[in-house]
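Undergrad: Please find structure.txt (compact mmCIF, C-alpha atoms and all ligand atoms) on the next line:
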# COMPACT_ATOMS: atom_id res chain seq x y z
CA MET A 1 152.97 122.81 27.73
CA ASN A 2 153.26 123.39 31.43
CA PHE A 3 151.88 126.20 33.59
CA GLU A 4 155.06 128.30 33.78
CA THR A 5 155.43 128.28 29.98
CA LEU A 6 151.76 129.03 29.32
CA ALA A 7 151.76 131.92 31.80
CA ILE A 8 154.48 133.60 29.73
CA HIS A 9 153.35 132.64 26.22
CA ALA A 10 149.62 131.80 26.03
CA GLY A 11 147.84 134.53 24.05
CA GLN A 12 151.11 136.46 23.83
CA ALA A 13 152.58 135.79 20.37
CA ALA A 14 154.83 138.53 18.96
CA ASP A 15 152.75 141.52 17.82
CA SER A 16 151.54 140.95 14.27
CA ALA A 17 151.93 144.63 13.26
CA THR A 18 155.42 145.33 14.66
CA GLY A 19 156.95 142.13 16.00
CA ALA A 20 156.94 143.56 19.54
CA THR A 21 157.83 140.63 21.80
CA ILE A 22 155.72 141.90 24.65
CA VAL A 23 152.03 142.48 23.92
CA PRO A 24 151.70 146.26 23.43
CA VAL A 25 149.27 148.49 25.32
CA TYR A 26 146.68 149.16 22.62
CA GLN A 27 145.55 152.50 24.01
CA THR A 28 142.84 153.13 21.45
CA VAL A 29 139.09 153.51 21.56
CA THR A 30 138.44 152.49 18.00
CA PHE A 31 140.01 150.57 15.10
CA THR A 32 140.10 151.93 11.55
CA GLN A 33 138.14 149.72 9.19
CA ASP A 34 139.48 148.89 5.73
CA ALA A 35 136.00 149.26 4.25
CA LEU A 36 132.45 149.22 5.57
CA GLY A 37 132.02 145.88 7.35
CA ALA A 38 135.73 144.98 6.87
CA ASP A 39 137.51 145.22 10.23
CA ARG A 40 140.67 143.41 11.32
CA GLY A 41 139.11 141.59 14.26
CA PHE A 42 138.64 144.61 16.51
CA VAL A 43 136.05 147.36 16.21
CA TYR A 44 135.66 149.26 19.47
CA SER A 45 137.58 148.70 22.72
CA ARG A 46 134.55 148.01 24.92
CA SER A 47 133.72 145.06 22.66
CA GLY A 48 137.32 143.89 22.30
CA ASN A 49 140.88 145.14 22.60
CA PRO A 50 144.08 143.24 21.67
CA THR A 51 145.81 143.83 25.03
CA ARG A 52 142.73 142.66 26.90
CA GLN A 53 142.35 139.72 24.55
CA ALA A 54 145.92 138.58 25.33
CA LEU A 55 145.06 138.58 29.05
CA GLU A 56 141.76 136.79 28.47
CA THR A 57 143.40 134.06 26.39
CA CYS A 58 146.22 133.59 28.88
CA LEU A 59 143.89 133.32 31.90
CA ALA A 60 141.53 130.95 30.08
CA THR A 61 144.47 128.72 29.14
CA LEU A 62 145.77 128.65 32.71
CA GLU A 63 142.32 127.64 33.98
CA GLY A 64 141.95 124.90 31.35
CA ALA A 65 139.05 126.83 29.80
CA ARG A 66 138.50 127.76 26.18
CA PHE A 67 137.12 131.24 26.82
CA GLY A 68 138.08 134.15 29.04
CA LEU A 69 136.55 137.54 29.78
CA ALA A 70 138.39 140.27 31.67
CA TYR A 71 136.54 142.83 33.78
CA ALA A 72 137.32 146.14 35.43
CA SER A 73 137.37 144.57 38.93
CA GLY A 74 136.73 141.30 40.70
CA MET A 75 133.28 142.59 41.62
CA ALA A 76 132.59 143.46 37.98
CA ALA A 77 133.50 139.83 37.20
CA VAL A 78 131.18 138.55 39.95
CA ALA A 79 128.41 140.81 38.61
CA GLY A 80 129.24 139.64 35.07
CA ALA A 81 128.84 135.98 36.05
CA MET A 82 125.54 136.82 37.78
CA GLN A 83 124.22 138.09 34.45
CA LEU A 84 123.73 134.40 33.63
CA VAL A 85 120.68 134.38 35.94
CA LYS A 86 117.37 136.16 35.47
CA ALA A 87 114.35 137.22 37.50
CA GLY A 88 112.75 134.25 39.26
CA ASP A 89 115.97 132.20 39.32
CA HIS A 90 117.41 130.83 42.55
CA VAL A 91 121.07 130.62 43.54
CA VAL A 92 122.57 128.41 46.27
CA VAL A 93 125.56 130.18 47.85
CA ALA A 94 128.24 128.80 50.15
CA ASP A 95 127.79 131.17 53.09
CA ASP A 96 131.51 131.63 53.84
CA LEU A 97 132.23 134.10 51.04
CA TYR A 98 133.77 137.47 50.28
CA GLY A 99 131.73 140.27 51.86
CA GLY A 100 131.52 142.21 48.59
CA SER A 101 129.94 139.25 46.79
CA TYR A 102 127.50 138.89 49.69
CA ARG A 103 126.66 142.61 49.43
CA LEU A 104 125.79 142.20 45.73
CA PHE A 105 123.79 139.02 46.40
CA SER A 106 121.92 140.39 49.42
CA LYS A 107 121.42 144.08 48.64
CA ILE A 108 121.33 144.48 44.84
CA LEU A 109 120.23 141.30 43.07
CA PRO A 110 117.11 140.56 45.17
CA GLY A 111 115.82 143.87 43.74
CA TYR A 112 115.89 142.13 40.36
CA ASP A 113 113.98 139.16 41.81
CA VAL A 114 116.95 136.78 41.94
CA ARG A 115 116.69 134.67 45.11
CA PHE A 116 119.53 133.32 47.22
CA SER A 117 119.88 130.54 49.82
CA TYR A 118 123.01 130.48 51.96
CA VAL A 119 124.36 127.12 53.12
CA ASP A 120 127.36 125.65 54.88
CA ALA A 121 128.76 124.02 51.75
CA THR A 122 131.34 122.02 53.70
CA ARG A 123 128.24 119.84 54.34
CA LEU A 124 127.28 118.60 50.89
CA ALA A 125 123.86 117.46 52.10
CA GLU A 126 123.01 121.11 52.84
CA VAL A 127 123.88 122.10 49.27
CA ALA A 128 121.69 119.33 47.85
CA LYS A 129 118.84 120.18 50.26
CA ALA A 130 118.82 123.85 49.22
CA ILE A 131 118.27 123.06 45.52
CA THR A 132 114.80 124.01 44.22
CA PRO A 133 113.26 123.66 40.75
CA GLU A 134 114.27 127.32 40.17
CA THR A 135 117.95 126.81 41.09
CA ARG A 136 120.16 127.86 38.16
CA MET A 137 123.45 128.37 39.96
CA VAL A 138 125.54 127.14 42.88
CA TRP A 139 128.22 129.64 44.00
CA ILE A 140 131.22 128.65 46.10
CA GLU A 141 134.71 129.78 47.10
CA SER A 142 137.38 127.32 48.22
CA PRO A 143 139.39 127.85 50.33
CA THR A 144 136.89 130.23 51.88
CA ASN A 145 137.54 133.80 52.96
CA PRO A 146 138.66 134.29 55.70
CA MET A 147 138.22 130.99 57.57
CA LEU A 148 139.99 128.84 54.93
CA ARG A 149 137.42 126.06 54.94
CA LEU A 150 137.61 123.61 52.06
CA ILE A 151 134.60 122.85 49.87
CA ASP A 152 134.49 119.78 47.65
CA ILE A 153 134.35 121.28 44.15
CA ALA A 154 133.79 118.01 42.26
CA ALA A 155 130.92 117.04 44.57
CA CYS A 156 129.27 120.49 44.29
CA ALA A 157 129.65 120.31 40.49
CA GLU A 158 127.84 116.99 40.50
CA ILE A 159 125.00 118.36 42.66
CA ALA A 160 124.67 121.42 40.41
CA ARG A 161 124.85 119.42 37.18
CA SER A 162 122.20 116.93 38.25
CA ALA A 163 119.90 119.86 39.11
CA GLY A 164 120.49 121.48 35.71
CA ALA A 165 122.39 124.33 37.38
CA TRP A 166 125.86 125.82 36.88
CA LEU A 167 128.59 125.61 39.49
CA VAL A 168 130.52 128.88 39.77
CA VAL A 169 133.79 128.83 41.72
CA ASP A 170 135.47 132.04 42.87
CA ASN A 171 139.05 130.79 42.58
CA THR A 172 140.71 134.01 43.76
CA PHE A 173 142.35 132.50 46.87
CA ALA A 174 143.75 129.38 45.20
CA THR A 175 144.64 130.85 41.75
CA PRO A 176 144.88 128.63 38.66
CA TYR A 177 148.36 127.60 39.78
CA LEU A 178 147.00 125.74 42.79
CA GLN A 179 143.52 124.72 41.65
CA ASN A 180 141.57 124.32 38.39
CA PRO A 181 137.82 124.12 39.13
CA ILE A 182 136.83 123.42 35.50
CA ALA A 183 138.88 120.21 35.54
CA LEU A 184 136.88 119.29 38.67
CA GLY A 185 133.56 119.81 36.88
CA ALA A 186 132.78 123.51 37.55
CA HIS A 187 131.10 125.45 34.75
CA VAL A 188 132.35 128.96 35.53
CA VAL A 189 135.49 130.25 37.26
CA VAL A 190 135.65 133.79 38.65
CA HIS A 191 138.76 135.69 39.76
CA SER A 192 139.57 138.94 41.38
CA THR A 193 142.81 139.40 39.43
CA THR A 194 143.52 142.27 41.83
CA LYS A 195 144.91 139.60 44.19
CA TYR A 196 147.48 136.92 43.31
CA ILE A 197 147.08 137.03 39.52
CA GLY A 198 148.08 140.71 39.25
CA GLY A 199 150.16 140.06 42.33
CA HIS A 200 151.70 143.49 42.94
CA SER A 201 148.80 145.44 44.51
CA ASP A 202 148.91 147.98 41.69
CA VAL A 203 145.94 147.08 39.51
CA ILE A 204 142.27 146.23 40.11
CA GLY A 205 140.74 143.63 37.80
CA GLY A 206 138.63 140.54 37.44
CA ALA A 207 138.05 137.62 35.10
CA VAL A 208 135.46 134.99 34.22
CA LEU A 209 136.60 131.77 32.52
CA VAL A 210 134.35 129.15 30.92
CA ASP A 211 134.82 126.14 28.69
CA ASP A 212 131.30 126.09 27.27
CA GLU A 213 130.77 128.07 24.08
CA ALA A 214 127.10 128.90 24.75
CA LEU A 215 127.94 130.18 28.24
CA HIS A 216 130.73 132.29 26.78
CA ALA A 217 128.37 133.79 24.19
CA LYS A 218 125.89 134.81 26.93
CA LEU A 219 128.63 136.31 29.12
CA LYS A 220 130.30 138.11 26.23
CA PHE A 221 127.00 139.62 25.11
CA ALA A 222 126.26 140.79 28.66
CA GLN A 223 129.77 142.17 29.10
CA ASN A 224 129.50 144.25 25.95
CA ALA A 225 125.98 145.34 26.86
CA THR A 226 126.93 146.46 30.38
CA GLY A 227 130.50 147.58 29.69
CA GLY A 228 132.49 146.75 32.85
CA VAL A 229 135.75 146.13 30.99
CA PRO A 230 139.33 146.94 32.04
CA GLY A 231 141.35 149.51 30.13
CA PRO A 232 144.39 148.30 28.17
CA TRP A 233 146.91 149.53 30.74
CA ASP A 234 145.22 147.55 33.49
CA ALA A 235 145.03 144.48 31.25
CA TRP A 236 148.73 144.88 30.44
CA LEU A 237 149.79 145.26 34.08
CA THR A 238 147.76 142.20 35.03
CA LEU A 239 149.34 140.21 32.19
CA ARG A 240 152.79 141.21 33.41
CA GLY A 241 151.86 139.90 36.84
CA VAL A 242 150.58 136.58 35.45
CA LYS A 243 154.00 135.75 33.99
CA THR A 244 155.45 135.16 37.48
CA LEU A 245 152.35 133.64 39.09
CA ALA A 246 153.88 130.18 39.49
CA LEU A 247 157.06 131.44 41.13
CA ARG A 248 155.15 133.75 43.42
CA MET A 249 152.60 131.13 44.46
CA ARG A 250 155.31 128.64 45.38
CA GLN A 251 156.92 131.24 47.64
CA HIS A 252 153.60 132.50 49.08
CA ASP A 253 152.80 128.90 49.93
CA ALA A 254 156.17 128.24 51.59
CA ASN A 255 156.12 131.52 53.53
CA ALA A 256 152.53 130.97 54.71
CA GLN A 257 153.47 127.54 56.01
CA ARG A 258 156.36 129.08 57.99
CA VAL A 259 154.19 131.87 59.40
CA ALA A 260 151.41 129.40 60.30
CA GLU A 261 153.85 127.19 62.18
CA PHE A 262 155.32 130.20 63.97
CA ALA A 263 151.83 131.41 64.96
CA ARG A 264 150.95 127.99 66.34
CA GLY A 265 153.86 128.23 68.73
CA ARG A 266 152.70 131.51 70.31
CA ALA A 267 150.58 131.51 73.44
CA GLU A 268 148.90 134.82 72.45
CA ILE A 269 147.29 133.03 69.50
CA ALA A 270 144.37 130.74 70.36
CA ALA A 271 143.89 129.16 66.93
CA VAL A 272 145.65 129.12 63.57
CA HIS A 273 143.67 128.22 60.44
CA HIS A 274 145.76 126.99 57.53
CA PRO A 275 144.86 124.09 55.23
CA GLY A 276 148.50 122.99 55.18
CA PHE A 277 148.23 121.65 58.75
CA PRO A 278 147.53 117.90 58.67
CA ASP A 279 144.94 118.40 61.44
CA HIS A 280 143.04 121.08 59.48
CA PRO A 281 139.56 119.63 58.75
CA GLY A 282 139.98 120.31 55.03
CA HIS A 283 143.57 119.09 54.71
CA ALA A 284 142.80 115.81 52.91
CA LEU A 285 140.41 117.57 50.51
CA ALA A 286 142.98 120.31 49.88
CA ARG A 287 145.53 117.64 48.98
CA ARG A 288 143.01 116.11 46.59
CA GLN A 289 141.79 119.20 44.76
CA MET A 290 144.69 121.66 45.17
CA ARG A 291 148.42 121.59 44.41
CA GLY A 292 149.39 123.56 47.52
CA PHE A 293 147.70 125.45 50.34
CA GLY A 294 147.98 129.12 49.38
CA GLY A 295 149.34 132.21 51.03
CA ILE A 296 146.67 133.09 53.60
CA VAL A 297 146.86 132.34 57.31
CA THR A 298 143.92 133.23 59.56
CA ILE A 299 144.47 133.46 63.30
CA GLU A 300 142.29 133.92 66.39
CA VAL A 301 143.96 136.09 68.99
CA ALA A 302 143.67 134.76 72.57
CA GLY A 303 143.08 138.22 74.06
CA GLY A 304 139.91 138.77 72.00
CA ALA A 305 138.84 141.92 70.16
CA ALA A 306 141.16 144.38 71.91
CA ALA A 307 144.25 142.21 71.42
CA ALA A 308 143.34 141.47 67.79
CA ARG A 309 142.92 145.18 67.01
CA LYS A 310 146.18 145.96 68.79
CA LEU A 311 147.98 143.27 66.78
CA CYS A 312 146.65 144.76 63.51
CA GLU A 313 148.08 148.14 64.51
CA SER A 314 151.42 146.83 65.82
CA THR A 315 153.02 145.07 62.87
CA GLN A 316 155.62 146.95 60.86
CA LEU A 317 156.21 144.74 57.82
CA PHE A 318 152.64 143.48 57.55
CA SER A 319 150.71 146.58 56.37
CA LEU A 320 147.25 147.07 57.78
CA GLY A 321 145.15 147.19 54.64
CA GLU A 322 142.32 145.75 52.58
CA SER A 323 143.25 143.20 49.90
CA LEU A 324 145.53 140.18 49.73
CA GLY A 325 147.74 138.32 47.32
CA GLY A 326 150.37 140.99 46.68
CA VAL A 327 154.13 140.56 47.03
CA GLU A 328 153.96 142.59 50.26
CA SER A 329 152.41 141.09 53.41
CA LEU A 330 149.11 142.51 54.63
CA ILE A 331 147.26 142.16 57.90
CA GLY A 332 143.49 142.56 57.91
CA TYR A 333 140.63 142.55 60.40
CA PRO A 334 137.71 140.79 58.65
CA TRP A 335 135.20 141.94 61.30
CA SER A 336 135.33 145.57 60.14
CA MET A 337 137.20 145.27 56.86
CA SER A 338 136.62 142.54 54.23
CA HIS A 339 133.50 141.18 55.97
CA ALA A 340 131.92 144.43 57.16
CA ALA A 341 128.94 143.74 54.85
CA PHE A 342 127.78 140.84 57.11
CA ALA A 343 125.66 141.47 60.23
CA ALA A 344 127.44 140.77 63.54
CA GLU A 345 125.45 137.61 64.33
CA GLU A 346 126.06 136.33 60.79
CA LYS A 347 129.83 136.83 61.18
CA ARG A 348 129.81 135.05 64.56
CA ARG A 349 127.82 132.14 63.10
CA LYS A 350 130.54 131.71 60.45
CA GLY A 351 133.28 131.78 63.09
CA ILE A 352 134.45 135.29 62.11
CA SER A 353 134.67 136.65 65.63
CA GLU A 354 136.22 139.94 66.71
CA ALA A 355 139.38 137.97 67.58
CA VAL A 356 139.97 136.89 63.97
CA VAL A 357 142.89 138.41 62.06
CA ARG A 358 143.74 137.53 58.44
CA LEU A 359 147.32 137.48 57.24
CA SER A 360 148.13 137.66 53.53
CA VAL A 361 151.66 136.34 53.65
CA GLY A 362 153.82 138.05 51.05
CA LEU A 363 157.19 137.31 49.53
CA GLU A 364 159.45 138.97 52.09
CA ASP A 365 161.90 136.73 53.94
CA ALA A 366 159.82 134.40 56.14
CA SER A 367 162.07 134.95 59.21
CA ASP A 368 161.57 138.71 58.91
CA LEU A 369 157.81 138.17 58.79
CA CYS A 370 157.87 135.93 61.89
CA ASP A 371 160.08 138.48 63.70
CA ASP A 372 157.57 141.20 62.85
CA LEU A 373 154.68 139.16 64.23
CA ALA A 374 156.74 138.35 67.32
CA GLN A 375 157.45 142.00 68.11
CA ALA A 376 153.78 142.89 67.48
CA LEU A 377 152.56 140.09 69.78
CA ASP A 378 155.07 141.21 72.44
CA ARG A 379 153.63 144.72 72.22
CA CYS A 380 150.09 143.37 72.57
CA ARG A 381 151.10 141.47 75.72
CA ALA A 382 152.85 144.51 77.19
CA SER A 383 149.83 146.79 76.74
C1 LIG B 401 137.37 136.06 46.96
C2 LIG B 401 137.14 137.42 46.37
N1 LIG B 401 136.32 137.55 45.32
C3 LIG B 401 136.08 138.77 44.76
C4 LIG B 401 136.67 139.91 45.26
C5 LIG B 401 136.36 141.25 44.62
O1 LIG B 401 137.46 141.69 43.89
P1 LIG B 401 137.82 143.23 43.59
O2 LIG B 401 138.21 143.87 44.87
O3 LIG B 401 138.92 143.13 42.58
O4 LIG B 401 136.58 143.88 43.02
C6 LIG B 401 137.53 139.82 46.35
C7 LIG B 401 138.16 141.04 46.91
O5 LIG B 401 138.73 141.04 47.98
C8 LIG B 401 137.77 138.54 46.92
O6 LIG B 401 138.59 138.39 47.98
Would you mind writing the file's structure down as C-alpha cells?
TA:
Amino acid sequence: MNFETLAIHAGQAADSATGATIVPVYQTVTFTQDALGADRGFVYSRSGNPTRQALETCLATLEGARFGLAYASGMAAVAGAMQLVKAGDHVVVADDLYGGSYRLFSKILPGYDVRFSYVDATRLAEVAKAITPETRMVWIESPTNPMLRLIDIAACAEIARSAGAWLVVDNTFATPYLQNPIALGAHVVVHSTTKYIGGHSDVIGGAVLVDDEALHAKLKFAQNATGGVPGPWDAWLTLRGVKTLALRMRQHDANAQRVAEFARGRAEIAAVHHPGFPDHPGHALARRQMRGFGGIVTIEVAGGAAAARKLCESTQLFSLGESLGGVESLIGYPWSMSHAAFAAEEKRRKGISEAVVRLSVGLEDASDLCDDLAQALDRCRAS
C-alpha cells in the first residue's frame, strides 16, 4: 500500500470492542485483568496504551520500520534514543543540529560520562575521522536546522555500521513523506511529532522508530523505566494529524518553493537557503535521498541584525514564534530562539549569524504569504 493509504489505516483497524472506525481515546490508567496474569494485551498505560499503540504502529509503518515508540515530546524521544548509550561511550554528532538536542548532549549527558564529538557531517571524511573505538552512535539531521544543509544518510550509515555504531537520524524536517532514513541504512529514526507529523501546532510529541528487534527491546525497556510517554489525547491528536501528512507536505513543499523564489528576487535579502534551488550545494543529494525539499526557507537579511529583527516583528501572517511545521506560517530568529543554546562563536561558525531568519512556510495561499513578506520588507527599508 502507498503512503496516503497507510497514513490513514496503518495501526488503525476498527476498534475491537465497539467497532469504532476511528481509534478511540483510551483515557485509562489501568486495564482490568481477567485473572491473575491474564491481561488482554495492556496492563498499565505507561507501559502501553491502545491509542498510543495505534500511533506507534502508524509512524513505524510510514518510516518503513517494524517498531515505533511514542514519547511525550521530541526531546523526550531524543533522550529516549540516547538511552541506547552508556557511560564511557562516544557519540559523533553532526554539528548543525537543533539547539535543544545540543543542550542535552552538551549540558546533561556529559554528566553521565557520555562523550560527544561535533563534526561538519557534510564532509564525510570528518565523520569517519571522528570515530573512536568507543563510538557507539552517529547522530545527524538532514536537512539541517536552520541552514538546510544536506547530509548523505546512506554514506553516514555505512561509516557508522563499519565502526559497529548506530546511525540515528532526526527526520523531523523531512518527515517520512519526504525521506525514509531506515531504507537508506539508518538504524534509528527520531521525530519531533510536534512539527509536521502533528501538523497543527496543538500537540507536543515525539517518536523513535527502529527496524531491529533487539534495539526496540532496549528502547522499550528504557521508555517504560523512565516513563516519558504521551497521554492518550496527545497520541490521538497526533494520529489525526498524520492522516493528512502527505497532502500537507505536498503543499508545504510547493509554498516553500514559491516563497524561496520570491525572497530571491528581493534586494533586502542577501541569501536564500532552500534545497529546492538547483544551485543549492545539497540539491543533487536532496534529489537522491528525498522526495521533495520540505517547507522551510532560511534567509539572510542584507541589513544585518537590526533588519532581521525588524523583519521578524513586521510580518502579519507569519507569526513570530518558536516551532515549525504547522499549517500556519511562522517566522523565527534562530540566534535567540531555536539556537539560543549555542554560544555566539559556535553559531557564527555554523553560519547562523544575527542576520539569519527562518521561515516555516505554512499552508496559507502562497501569494498572500509573499505579499506579507513584501510589506514587512518594505517596512524594514522604511525604518
Ligand atoms: C529537529 C528537531 N528535533 C527535535 C526537536 C524537539 O522537539 P520538541 O519541541 O517536540 O521537544 C525539535 C524542536 O524544535 C526539532 O526542531
Undergrad: Work out how far apart atom CA of Val188 of chain A and atom CA of Val208 of chain A are and give it in Å to one decimal.
TA: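 Atom CA of Val208 of chain A lies at a distance of 6.9 Å from atom CA of Val188 of chain A.
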Undergrad: Select, counting only C-alpha atoms, all protein, DNA and RNA residues no farther than 10 Å from (159.7, 132.5, 50.3) in file coordinates, and express the selection as a count of residues only.
TA: 19
Undergrad: Give me, as a ChimeraX atom specification, the set of residues whose atoms come within 9 Å of any atom of ligand LIG 401 (chain B), counting only C-alpha atoms and all ligand atoms.
TA: /A:72-78,97-101,141-142,144-146,170-173,190-195,203-206,322-324,338
Undergrad: Tell me which residues come within 12 Å of (123.5, 124.7, 54.1), as a ChimeraX atom specification, counting all atoms listed in the file in the file's coordinates.
TA: /A:92-96,116-131,138,140,350
Undergrad: In Å, how far is it from atom CA of Gln179 of chain A to atom CA of Leu84 of chain A?
TA: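 Atom-to-atom, atom CA of Gln179 of chain A and atom CA of Leu84 of chain A are spaced 23.4 Å apart.
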Undergrad: Measuring between all atoms listed in the file, which one of A:Leu311, A:Leu237, A:Val327, A:Val357 shows the shortest distance to Gln375 of chain A?
TA: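 Going through A:Leu311, A:Leu237, A:Val327, A:Val357 one by one, the smallest distance to Gln375 of chain A is for A:Leu311.
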Undergrad: Find the residues around Ala355 of chain A up to 10 Å (only C-alpha atoms counted), leave out those fewer than 3 positions away in its own chain, and share them as number ranges by chain.
TA: A: 269-271, 299-309, 333-335, 351-352
Undergrad: So, with only C-alpha atoms as the atoms that count, which of A:Asp113, A:Glu268, A:Glu4, A:Asp15 lies closest to Ala374 of chain A?
TA: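 Smallest separation from Ala374 of chain A among the options: A:Glu268.
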Undergrad: So, counting all atoms listed in the file, which residue among A:Gly282, A:Leu373, A:Val168, A:Thr57 is closest to Ala263 of chain A?
TA: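 Under the stated criterion, the closest residue is A:Leu373.
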Undergrad: Report, in Å to a single decimal, how far apart atom CA of Pro275 of chain A and atom CA of Arg287 of chain A are.
TA: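 Taking atom CA of Arg287 of chain A as the start and atom CA of Pro275 of chain A as the end point, the length is 9.0 Å.
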Undergrad: For each of A:Gly326, A:Pro110, A:Pro24, A:Gly64, take the minimum atom-to-atom distance to Gly185 of chain A, counting only C-alpha atoms, then give the residue where this is smallest.
TA: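 Closest to Gly185 of chain A, using only C-alpha atoms: A:Gly64.
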Undergrad: Rank nothing, just name the residue among A:Leu377, A:Leu109, A:Val356, A:Cys370 nearest to Met147 of chain A, using only C-alpha atoms.
TA: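 Between A:Leu377, A:Leu109, A:Val356, A:Cys370, the residue approaching Met147 of chain A most closely is A:Val356.
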Undergrad: Write out as a ChimeraX atom specification each polymer residue whose atoms come within 10 Å of Arg103 of chain A, counting all atoms listed in the file; drop sequence neighbours fewer than 6 positions from it.
TA: /A:109,339-342
Undergrad: Could you name the residues that touch Thr244 of chain A at 10 Å or less, counting only C-alpha atoms, but leaving out those on the same chain fewer than 6 positions away, as a CSV table (one decimal) with C-alpha atoms, keeping the file's coordinate frame?
TA:
chain,number,residue,atom,x,y,z
A,4,GLU,CA,155.1,128.3,33.8
A,7,ALA,CA,151.8,131.9,31.8
A,8,ILE,CA,154.5,133.6,29.7
A,197,ILE,CA,147.1,137.0,39.5
A,198,GLY,CA,148.1,140.7,39.2
A,199,GLY,CA,150.2,140.1,42.3
Undergrad: Kindly provide, as lines of an AutoDock Vina configuration file, the centre and edge lengths (Å, one decimal) of an axis-aligned box around all atoms of segment 78-88 of chain A given in the file, with 4 Å on each side.
TA:
center_x = 122.0
center_y = 137.5
center_z = 36.8
size_x = 26.4
size_y = 14.6
size_z = 14.3
Undergrad: Just add N, CA, C and O atoms to segment 26-40 of chain A and send it as an mmCIF file, in the coordinates of the input.
TA:
data_model
loop_
_atom_site.group_PDB
_atom_site.id
_atom_site.type_symbol
_atom_site.label_atom_id
_atom_site.label_comp_id
_atom_site.auth_asym_id
_atom_site.auth_seq_id
_atom_site.Cartn_x
_atom_site.Cartn_y
_atom_site.Cartn_z
ATOM 1 N N TYR A 26 147.456 148.573 23.727
ATOM 2 C CA TYR A 26 146.680 149.160 22.620
ATOM 3 C C TYR A 26 145.737 150.208 23.186
ATOM 4 O O TYR A 26 144.576 149.937 23.447
ATOM 5 N N GLN A 27 146.315 151.402 23.392
ATOM 6 C CA GLN A 27 145.550 152.500 24.010
ATOM 7 C C GLN A 27 144.737 153.191 22.921
ATOM 8 O O GLN A 27 145.098 154.264 22.433
ATOM 9 N N THR A 28 143.683 152.557 22.506
ATOM 10 C CA THR A 28 142.840 153.130 21.450
ATOM 11 C C THR A 28 141.382 152.801 21.742
ATOM 12 O O THR A 28 141.085 151.716 22.255
ATOM 13 N N VAL A 29 140.523 153.746 21.406
ATOM 14 C CA VAL A 29 139.090 153.510 21.560
ATOM 15 C C VAL A 29 138.560 152.703 20.384
ATOM 16 O O VAL A 29 137.786 151.779 20.525
ATOM 17 N N THR A 30 139.048 153.079 19.189
ATOM 18 C CA THR A 30 138.440 152.490 18.000
ATOM 19 C C THR A 30 139.519 151.951 17.060
ATOM 20 O O THR A 30 140.717 152.181 17.270
ATOM 21 N N PHE A 31 139.106 151.210 16.049
ATOM 22 C CA PHE A 31 140.010 150.570 15.100
ATOM 23 C C PHE A 31 139.555 150.939 13.686
ATOM 24 O O PHE A 31 138.380 150.726 13.341
ATOM 25 N N THR A 32 140.463 151.486 12.902
ATOM 26 C CA THR A 32 140.100 151.930 11.550
ATOM 27 C C THR A 32 139.742 150.719 10.691
ATOM 28 O O THR A 32 140.498 149.728 10.663
ATOM 29 N N GLN A 33 138.618 150.835 10.021
ATOM 30 C CA GLN A 33 138.140 149.720 9.190
ATOM 31 C C GLN A 33 138.611 149.911 7.753
ATOM 32 O O GLN A 33 138.681 151.038 7.248
ATOM 33 N N ASP A 34 138.967 148.805 7.100
ATOM 34 C CA ASP A 34 139.480 148.890 5.730
ATOM 35 C C ASP A 34 138.378 149.308 4.757
ATOM 36 O O ASP A 34 138.633 149.958 3.747
ATOM 37 N N ALA A 35 137.177 148.895 5.057
ATOM 38 C CA ALA A 35 136.000 149.260 4.250
ATOM 39 C C ALA A 35 134.804 149.030 5.152
ATOM 40 O O ALA A 35 134.947 148.454 6.240
ATOM 41 N N LEU A 36 133.642 149.457 4.752
ATOM 42 C CA LEU A 36 132.450 149.220 5.570
ATOM 43 C C LEU A 36 132.299 147.709 5.790
ATOM 44 O O LEU A 36 132.319 146.933 4.830
ATOM 45 N N GLY A 37 132.215 147.308 7.055
ATOM 46 C CA GLY A 37 132.020 145.880 7.350
ATOM 47 C C GLY A 37 133.313 145.071 7.257
ATOM 48 O O GLY A 37 133.295 143.856 7.442
ATOM 49 N N ALA A 38 134.463 145.720 6.978
ATOM 50 C CA ALA A 38 135.730 144.980 6.870
ATOM 51 C C ALA A 38 136.690 145.468 7.954
ATOM 52 O O ALA A 38 137.485 146.392 7.724
ATOM 53 N N ASP A 39 136.593 144.861 9.150
ATOM 54 C CA ASP A 39 137.510 145.220 10.230
ATOM 55 C C ASP A 39 138.586 144.149 10.334
ATOM 56 O O ASP A 39 138.522 143.123 9.654
ATOM 57 N N ARG A 40 139.577 144.398 11.193
ATOM 58 C CA ARG A 40 140.670 143.410 11.320
ATOM 59 C C ARG A 40 140.551 142.616 12.628
ATOM 60 O O ARG A 40 141.548 142.267 13.250
#
